[in-house]
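The structure appears right after this line, and notes come after that.
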Amino acid sequence: MSAGLNLAQLDAVNYISGPCLVLAGAGSGKTRVITHKIQRLIEVGVEPQKIAAITFTNKAATEMRERAKSLIGKAAKNVVICTFHALGVRIMREDGAVLGLKPQFSILDADDGVSILKDCGGSTDLATARQWQWTISLWKNMGLNAEQAAAQAPDDNARVIARIMALYEERLTAYQSVDFDDLIGLPLKLLAEHEDVRAKWQKTLAHVLVDEYQDTNATQYEVLKHIVGARGCFTAVGDDDQSIYGWRGATLDNLKRLPQDFPNLKVIKLEQNYRSTSAILRAANNVIQLNPKLFPKTLFSELGEGEPVRVVDADNEEHEAERAVARIQSIRAGTTTEGAGQHREFKDFAILYRANHMARPFEQALRRAQMPYKVSGGQSFFDKAEIKDLCAWFRLWINNDDDPAFLRSVTSPKRGIGHQTLAQLGTFATQYKLSLFEALFASSLPSAVSSRAIGSLHEFGRFVNDLEHRARHTLGKEAAMAFLTEWLKDIGYEKHLYDGEDNEKVAAARWTNVLEFCDWMAGRCGGDIDDASGAQASVSKSLLEVAQTISLISTLNEREQEQNVVTLSTLHASKGLEWPHVMLVGVNEGLLPFKLGDDNEHSGLSDGPMSEGILQRLQEERRLMYVGITRAQRSLAVSWTRRRKKGRDMVAALPSRFIGEMALDKSTAKEDPREKLKALRAEFAQRAADAAAVAKP
């Protein structure tokens, strides 16, 4: 039980009698603590199905489930290991009827939400609708509905968005649909306003463990409070120094509230880092100590001093990228102390930056050097148009009232039903307060739509009903694959893809994605993959049951497989990951920290006091720097440029204040450019030797 755990970890694992906050510093083994605590709870008699471990991504849930399985065996499949949003879906599927929701409600993705918002706000401008969506999402994460948002609106623009939000909420109710934020907000409404539902879930879940607790927002905290109730049997695992999602509603207030709401809270600090060398941790500690502390802690490592953290200056972005590539080459060639005696693969390296637009010069430099790379956070598999087309059909089978899914299905591929017909159908449905699908079979529809169009609409409606019936009774992997193959043939989807693309290779790639998706769907019917709800899929699951989980999976999905490539990533996307060798690039004032104000007075560079808002943003940016530093295991280089592009001009740039805050030893920190030259010579010599070897008969 105790094998491999230090004293603080053991303390966290063995405390099961009340509320517990585990302050887990970067690389301190938090997942290990959570999985061992699950084991401990089972040992003392808690039934596995009454334990919930809540994470923030499917990827984290999958990793935790695998580690729990290796520790406790078959019992792991009964533990509820899932995301906050997946737990929300489970609560609403079981009890949403109290709020008037059918169990088959639809989960809208961001694009569907934008389409509805454009309609509600009478705008065709995508950027404006996305801004509305962002504001509404923030309000929902703060626990506000449209009426409350309107009451708190600080200006006319906010009041307009609040009115649009009211129309948007009405539309979602009519469509029997929810958006991603509702997966937290509506379960909270259920738990807060319905005592019987609250009592049921408090009985259902005897102990709740929350990973990355510092990333929770106000609504998620309230959900947790209602589930654990007065008994407070929970374990919150997090790190206030890694709270970097304030811009999307995460709040450190949740950490402040825990000891207030649960006076008997036990706080345990995990300060031993198992990832990084002492030199790297010292730089991290020096930076983060300048932030105010809720619970002071200092990371330490027993992995030795290691190489000093390097600071690299460059003339401009292109020069910075060249130096980053040269550093990778020199470490791989073993010509630096960081690379000496080690075989280093491309996957051992990461280049991290503050914003997506900064990736381009590094991509260009890596391509020139013929180094393989990936840009983390690229387009999700489920964001591809062809996959969204198929998911729309599934959503319509599950919930006939899902109007956005109806519109996408009826036009992908086209079925001889034109925009004019759809507009007439929409007007008719609105007039009689029907969903578009319900309107298909209304006896008075011929008064609004031509007889020719009626035939096409009825044919489509019957086809959807038939597919839904068959999907409900299609069980197992082979039957599901046969069904999906026949369906795609019936709707002519492959032809639709080729007709819609000028480039045949692009069409072929899109069709390959479709086949991969169908194979993945069929596999879920056969129990190949764990269910989004946290339990393992049964041996035989109907295609319709699997389709019900698609919207949630597609929103949270991370399907990246490990490849031997250099990783380019934003600092936000790098959280939770680690690499032997890390380069933090673009560490300039105005980038990291991101521009805090309009001038030096407001940015915090002057000697005058900063406003509270500016100060909080600076503290979050400092935490972001801390996260970047602590991704590195063996070596860390931090680079900045003397000049940067601003529009078409080059402007002078300053190193970030965070570089000074690392308090590095000046004699060892600055990277010697001669090392780069030596590395390049070694690289060219190796290439020449390789070429000579190939040329030999």
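By order of appearance in the structure tokens: chains A, B, ..., then residues from 1 within every chain, and ligands from 1 in the order shown.
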
request  = Please identify all polymer residues within 9 Å of stretch 221-236 of chain A, counting only C-alpha atoms, omitting same-chain residues fewer than 4 positions from it, and present them as a ChimeraX atom specification.
outcome  = /A:12,16-23,34,184-185,187-189,191-192,198-199,201-203,205-214,216-217,254,261-262,265

Kindly save the residues from that selection, with N, CA and C atoms included, as a compact mmCIF listing (two decimals), in the first residue's frame.
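And here's part.txt as it stands now:
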```
# COMPACT_ATOMS: atom_id res chain seq x y z
N ALA A 12 -1.81 12.13 2.80
CA ALA A 12 -2.94 12.46 1.94
C ALA A 12 -3.78 11.23 1.61
N ILE A 16 -9.10 9.89 5.35
CA ILE A 16 -10.35 9.62 4.64
C ILE A 16 -11.58 9.98 5.46
N SER A 17 -11.39 10.62 6.62
CA SER A 17 -12.53 10.85 7.52
C SER A 17 -13.20 12.21 7.33
N GLY A 18 -12.70 13.04 6.41
CA GLY A 18 -13.32 14.34 6.24
C GLY A 18 -12.75 15.08 5.05
N PRO A 19 -13.04 16.38 4.95
CA PRO A 19 -12.57 17.15 3.79
C PRO A 19 -11.05 17.31 3.82
N CYS A 20 -10.44 17.19 2.64
CA CYS A 20 -8.99 17.22 2.55
C CYS A 20 -8.56 18.04 1.33
N LEU A 21 -7.62 18.96 1.54
CA LEU A 21 -7.03 19.72 0.44
C LEU A 21 -5.58 19.30 0.32
N VAL A 22 -5.23 18.73 -0.84
CA VAL A 22 -3.85 18.33 -1.11
C VAL A 22 -3.23 19.37 -2.04
N LEU A 23 -2.29 20.16 -1.53
CA LEU A 23 -1.60 21.16 -2.34
C LEU A 23 -0.43 20.48 -3.02
N ILE A 34 -3.94 10.33 -5.94
CA ILE A 34 -5.37 10.11 -6.19
C ILE A 34 -5.66 8.63 -6.37
N ILE A 184 -22.69 22.00 -16.51
CA ILE A 184 -22.38 22.29 -15.10
C ILE A 184 -23.52 23.09 -14.47
N GLY A 185 -24.02 24.10 -15.18
CA GLY A 185 -25.05 24.99 -14.63
C GLY A 185 -26.36 24.29 -14.33
N PRO A 187 -26.97 20.87 -13.81
CA PRO A 187 -26.85 19.99 -12.64
C PRO A 187 -26.85 20.77 -11.32
N LEU A 188 -26.21 21.96 -11.31
CA LEU A 188 -26.23 22.77 -10.10
C LEU A 188 -27.66 23.18 -9.76
N LYS A 189 -28.42 23.58 -10.76
CA LYS A 189 -29.82 23.97 -10.55
C LYS A 189 -30.61 22.79 -9.97
N LEU A 191 -29.40 20.18 -8.25
CA LEU A 191 -28.94 19.85 -6.91
C LEU A 191 -29.35 20.91 -5.89
N ALA A 192 -29.32 22.18 -6.31
CA ALA A 192 -29.61 23.27 -5.38
C ALA A 192 -31.09 23.41 -5.09
N ARG A 198 -30.72 16.06 -4.74
CA ARG A 198 -29.48 16.28 -3.99
C ARG A 198 -29.21 15.10 -3.05
N ALA A 199 -30.23 14.65 -2.34
CA ALA A 199 -30.07 13.52 -1.40
C ALA A 199 -29.65 12.25 -2.15
N TRP A 201 -27.89 12.01 -4.95
CA TRP A 201 -26.50 12.03 -5.40
C TRP A 201 -25.52 12.04 -4.23
N GLN A 202 -25.93 12.58 -3.09
CA GLN A 202 -25.07 12.50 -1.91
C GLN A 202 -24.96 11.05 -1.43
N LYS A 203 -26.02 10.28 -1.64
CA LYS A 203 -25.99 8.86 -1.28
C LYS A 203 -25.23 8.05 -2.34
N LEU A 205 -22.70 9.04 -4.29
CA LEU A 205 -21.25 9.26 -4.28
C LEU A 205 -20.77 9.49 -2.84
N ALA A 206 -20.07 8.49 -2.29
CA ALA A 206 -19.65 8.56 -0.89
C ALA A 206 -18.37 9.38 -0.71
N HIS A 207 -17.50 9.39 -1.72
CA HIS A 207 -16.26 10.18 -1.63
C HIS A 207 -15.93 10.71 -3.02
N VAL A 208 -15.65 12.00 -3.10
CA VAL A 208 -15.35 12.65 -4.38
C VAL A 208 -13.92 13.19 -4.34
N LEU A 209 -13.14 12.82 -5.36
CA LEU A 209 -11.79 13.35 -5.50
C LEU A 209 -11.77 14.28 -6.72
N VAL A 210 -11.24 15.49 -6.57
CA VAL A 210 -11.20 16.45 -7.67
C VAL A 210 -9.75 16.77 -8.03
N ASP A 211 -9.39 16.46 -9.25
CA ASP A 211 -8.04 16.75 -9.75
C ASP A 211 -8.01 18.20 -10.28
N GLU A 212 -6.83 18.84 -10.28
CA GLU A 212 -6.66 20.21 -10.80
C GLU A 212 -7.71 21.15 -10.19
N TYR A 213 -7.85 21.07 -8.88
CA TYR A 213 -8.90 21.84 -8.20
C TYR A 213 -8.78 23.34 -8.45
N GLN A 214 -7.56 23.84 -8.64
CA GLN A 214 -7.38 25.28 -8.85
C GLN A 214 -8.02 25.75 -10.15
N THR A 216 -11.10 24.93 -11.12
CA THR A 216 -12.56 24.95 -11.02
C THR A 216 -13.08 26.38 -11.04
N ASN A 217 -14.29 26.53 -11.59
CA ASN A 217 -14.94 27.84 -11.56
C ASN A 217 -16.00 27.85 -10.45
N ASN A 254 -12.08 29.70 -4.93
CA ASN A 254 -12.50 28.36 -4.52
C ASN A 254 -11.55 27.75 -3.50
N ASP A 261 -15.83 27.19 4.28
CA ASP A 261 -17.02 26.34 4.16
C ASP A 261 -16.86 25.00 4.88
N PHE A 262 -15.60 24.58 5.05
CA PHE A 262 -15.32 23.30 5.73
C PHE A 262 -14.25 23.56 6.80
N LEU A 265 -11.26 21.28 7.54
CA LEU A 265 -10.45 20.92 6.37
C LEU A 265 -9.02 20.59 6.78
```

Got a sec: who's within 10 Å of A:Leu544, counting only C-alpha atoms, leaving out chain neighbours fewer than 5 positions off, as an mmCIF file with C-alpha atoms, in the first residue's frame?
```cif
data_model
loop_
_atom_site.group_PDB
_atom_site.id
_atom_site.type_symbol
_atom_site.label_atom_id
_atom_site.label_comp_id
_atom_site.auth_asym_id
_atom_site.auth_seq_id
_atom_site.Cartn_x
_atom_site.Cartn_y
_atom_site.Cartn_z
ATOM 1 C CA PHE A 394 -26.479 10.899 -34.738
ATOM 2 C CA ARG A 395 -27.748 13.881 -32.767
ATOM 3 C CA TRP A 397 -31.545 10.219 -34.184
ATOM 4 C CA ILE A 398 -31.199 10.838 -30.441
ATOM 5 C CA LEU A 467 -32.198 4.789 -39.094
ATOM 6 C CA GLU A 468 -32.965 5.624 -35.469
ATOM 7 C CA HIS A 469 -34.989 2.412 -35.046
ATOM 8 C CA ARG A 470 -32.259 0.275 -36.591
ATOM 9 C CA ALA A 471 -29.471 1.997 -34.606
ATOM 10 C CA ARG A 472 -31.369 1.261 -31.386
ATOM 11 C CA HIS A 473 -31.258 -2.458 -32.204
ATOM 12 C CA THR A 474 -27.750 -2.615 -33.687
ATOM 13 C CA LEU A 475 -25.511 -4.274 -31.088
ATOM 14 C CA ALA A 480 -22.391 -1.490 -36.059
ATOM 15 C CA CYS A 525 -20.226 -0.710 -29.505
ATOM 16 C CA THR A 549 -22.064 10.077 -25.776
#
```

Taking a cut-off of 9 Å and counting only C-alpha atoms, can you build a table that, for each residue of stretch 19-138 of chain A near stretch 148-172 of chain A, reports the nearest atom pair and how far apart they are in Å (one decimal), sorted by chain then residue number, as CSV?
```
residue,atom,partner,partner_atom,distance
A:Gly113,CA,A:Tyr168,CA,8.6
A:Ile116,CA,A:Tyr168,CA,6.9
A:Leu117,CA,A:Tyr168,CA,6.3
A:Asp119,CA,A:Tyr168,CA,9.0
A:Cys120,CA,A:Ile164,CA,5.9
A:Gly121,CA,A:Ile164,CA,5.7
A:Trp132,CA,A:Ile161,CA,6.2
A:Gln133,CA,A:Met165,CA,8.8
A:Thr135,CA,A:Ile161,CA,7.8
A:Ile136,CA,A:Met165,CA,6.6
```

query = How far is it from atom CA of A:Asp112 to atom CA of A:Ala129, in Å with one decimal?
reply = 11.3 Å

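If only C-alpha atoms are the atoms counted, then among A:Tyr498, A:Phe180, A:Phe517, A:Trp139 the closest residue to A:Thr485 is A:Phe517.
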
query = stretch 390-594 of chain A: which residues are alpha helix (DSSP H) by DSSP, as a ChimeraX atom specification?
reply = /A:390-398,403-411,419-431,436-440,451-472,477-491,493-499,504-525,543-548,550-556,571-574

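Distances from A:Gly249, A:Gly660, A:Gly576, A:Gly426 to A:Asn141 were compared using only C-alpha atoms, and the smallest one belongs to A:Gly249.
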
task = Find the spatial neighbours of A:His572, counting only C-alpha atoms, within a cut-off of 10 Å - ignore same-chain residues fewer than 4 positions away - and output them as a ChimeraX atom specification.
result = /A:244-245,352-355,377,576,624,627-628

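Neighbours of stretch 580-583 of chain A closer than or equal to 7 Å, with only C-alpha atoms counted and sequence neighbours fewer than 5 positions away skipped, come out as A:Asp348, A:Phe349, A:Ala350, A:Ile351, A:Leu352, A:Ala632, A:Gln633, A:Arg634, A:Ser635, A:Leu636, A:Ala637, A:Val638.
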
Could you turn the residues from that selection into a file that holds N, CA and C atoms, as a PDB file, in the first residue's frame?
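Generated file (again30.pdb):
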```
ATOM      1  N   ASP A 348      11.785  14.420 -27.099  1.00  0.00           N
ATOM      2  CA  ASP A 348      12.300  14.907 -25.821  1.00  0.00           C
ATOM      3  C   ASP A 348      12.329  16.432 -25.737  1.00  0.00           C
ATOM      4  N   PHE A 349      11.948  17.114 -26.839  1.00  0.00           N
ATOM      5  CA  PHE A 349      12.084  18.567 -26.901  1.00  0.00           C
ATOM      6  C   PHE A 349      10.725  19.257 -27.055  1.00  0.00           C
ATOM      7  N   ALA A 350      10.591  20.378 -26.368  1.00  0.00           N
ATOM      8  CA  ALA A 350       9.384  21.202 -26.529  1.00  0.00           C
ATOM      9  C   ALA A 350       9.786  22.669 -26.608  1.00  0.00           C
ATOM     10  N   ILE A 351       9.106  23.387 -27.507  1.00  0.00           N
ATOM     11  CA  ILE A 351       9.255  24.835 -27.626  1.00  0.00           C
ATOM     12  C   ILE A 351       7.918  25.442 -27.197  1.00  0.00           C
ATOM     13  N   LEU A 352       7.940  26.218 -26.123  1.00  0.00           N
ATOM     14  CA  LEU A 352       6.700  26.741 -25.534  1.00  0.00           C
ATOM     15  C   LEU A 352       6.651  28.254 -25.674  1.00  0.00           C
ATOM     16  N   ALA A 632      10.010  21.447 -17.551  1.00  0.00           N
ATOM     17  CA  ALA A 632      11.335  20.936 -17.927  1.00  0.00           C
ATOM     18  C   ALA A 632      11.850  19.934 -16.900  1.00  0.00           C
ATOM     19  N   GLN A 633      12.380  18.837 -17.398  1.00  0.00           N
ATOM     20  CA  GLN A 633      12.957  17.819 -16.517  1.00  0.00           C
ATOM     21  C   GLN A 633      14.458  18.023 -16.324  1.00  0.00           C
ATOM     22  N   ARG A 634      15.179  18.122 -17.450  1.00  0.00           N
ATOM     23  CA  ARG A 634      16.640  18.117 -17.369  1.00  0.00           C
ATOM     24  C   ARG A 634      17.284  19.443 -17.753  1.00  0.00           C
ATOM     25  N   SER A 635      16.757  20.105 -18.795  1.00  0.00           N
ATOM     26  CA  SER A 635      17.351  21.387 -19.187  1.00  0.00           C
ATOM     27  C   SER A 635      16.268  22.380 -19.577  1.00  0.00           C
ATOM     28  N   LEU A 636      16.577  23.661 -19.342  1.00  0.00           N
ATOM     29  CA  LEU A 636      15.643  24.737 -19.664  1.00  0.00           C
ATOM     30  C   LEU A 636      16.416  25.906 -20.251  1.00  0.00           C
ATOM     31  N   ALA A 637      15.950  26.402 -21.390  1.00  0.00           N
ATOM     32  CA  ALA A 637      16.491  27.623 -21.984  1.00  0.00           C
ATOM     33  C   ALA A 637      15.351  28.621 -22.132  1.00  0.00           C
ATOM     34  N   VAL A 638      15.607  29.860 -21.786  1.00  0.00           N
ATOM     35  CA  VAL A 638      14.608  30.926 -21.867  1.00  0.00           C
ATOM     36  C   VAL A 638      15.133  31.970 -22.844  1.00  0.00           C
TER      37      VAL A 638
END
```

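Every protein, DNA or RNA residue with an atom at most 9 Å from A:Leu407, where only C-alpha atoms count and chain neighbours fewer than 3 positions away do not, is listed here: A:Ala392, A:Asp402, A:Asp403, A:Pro404, A:Val410, A:Thr411, A:Ser412, A:Leu422, A:Leu436.
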
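Of note, atom CA of A:Leu87 and atom CA of A:Thr204 are spaced 12.2 Å apart.
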
ask   = When you draw a straight line from atom CA of A:Asn6 to atom CA of A:Met662, how long is it in Å?
value =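 Between these atoms lies a distance of 28.2 Å.
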
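Secondary structure from DSSP on the backbone puts strand (DSSP E) at the following positions of stretch 216-426 of chain A: Phe234, Thr235, Ala236, Val237, Gly238, Lys266, Val267, Ile268, Lys269, Leu270, Gln272, Asn273, Phe300, Ser301, Arg310, Val311, Val312, Asp313, Ala314, Phe349, Ala350, Ile351, Leu352, Tyr353, Tyr373, Lys374 and Val375 of chain A.
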
inquiry  = Env of A:Arg32: 12 Å cut, atoms = only C-alpha atoms, seq-sep filter 2 positions within chain, self excluded. Answer as a PyMOL selection string.
reply    = chain A and resi 1-6+9-10+12-13+24+27-30+34-39+63-68+70-71+211+237+270+274
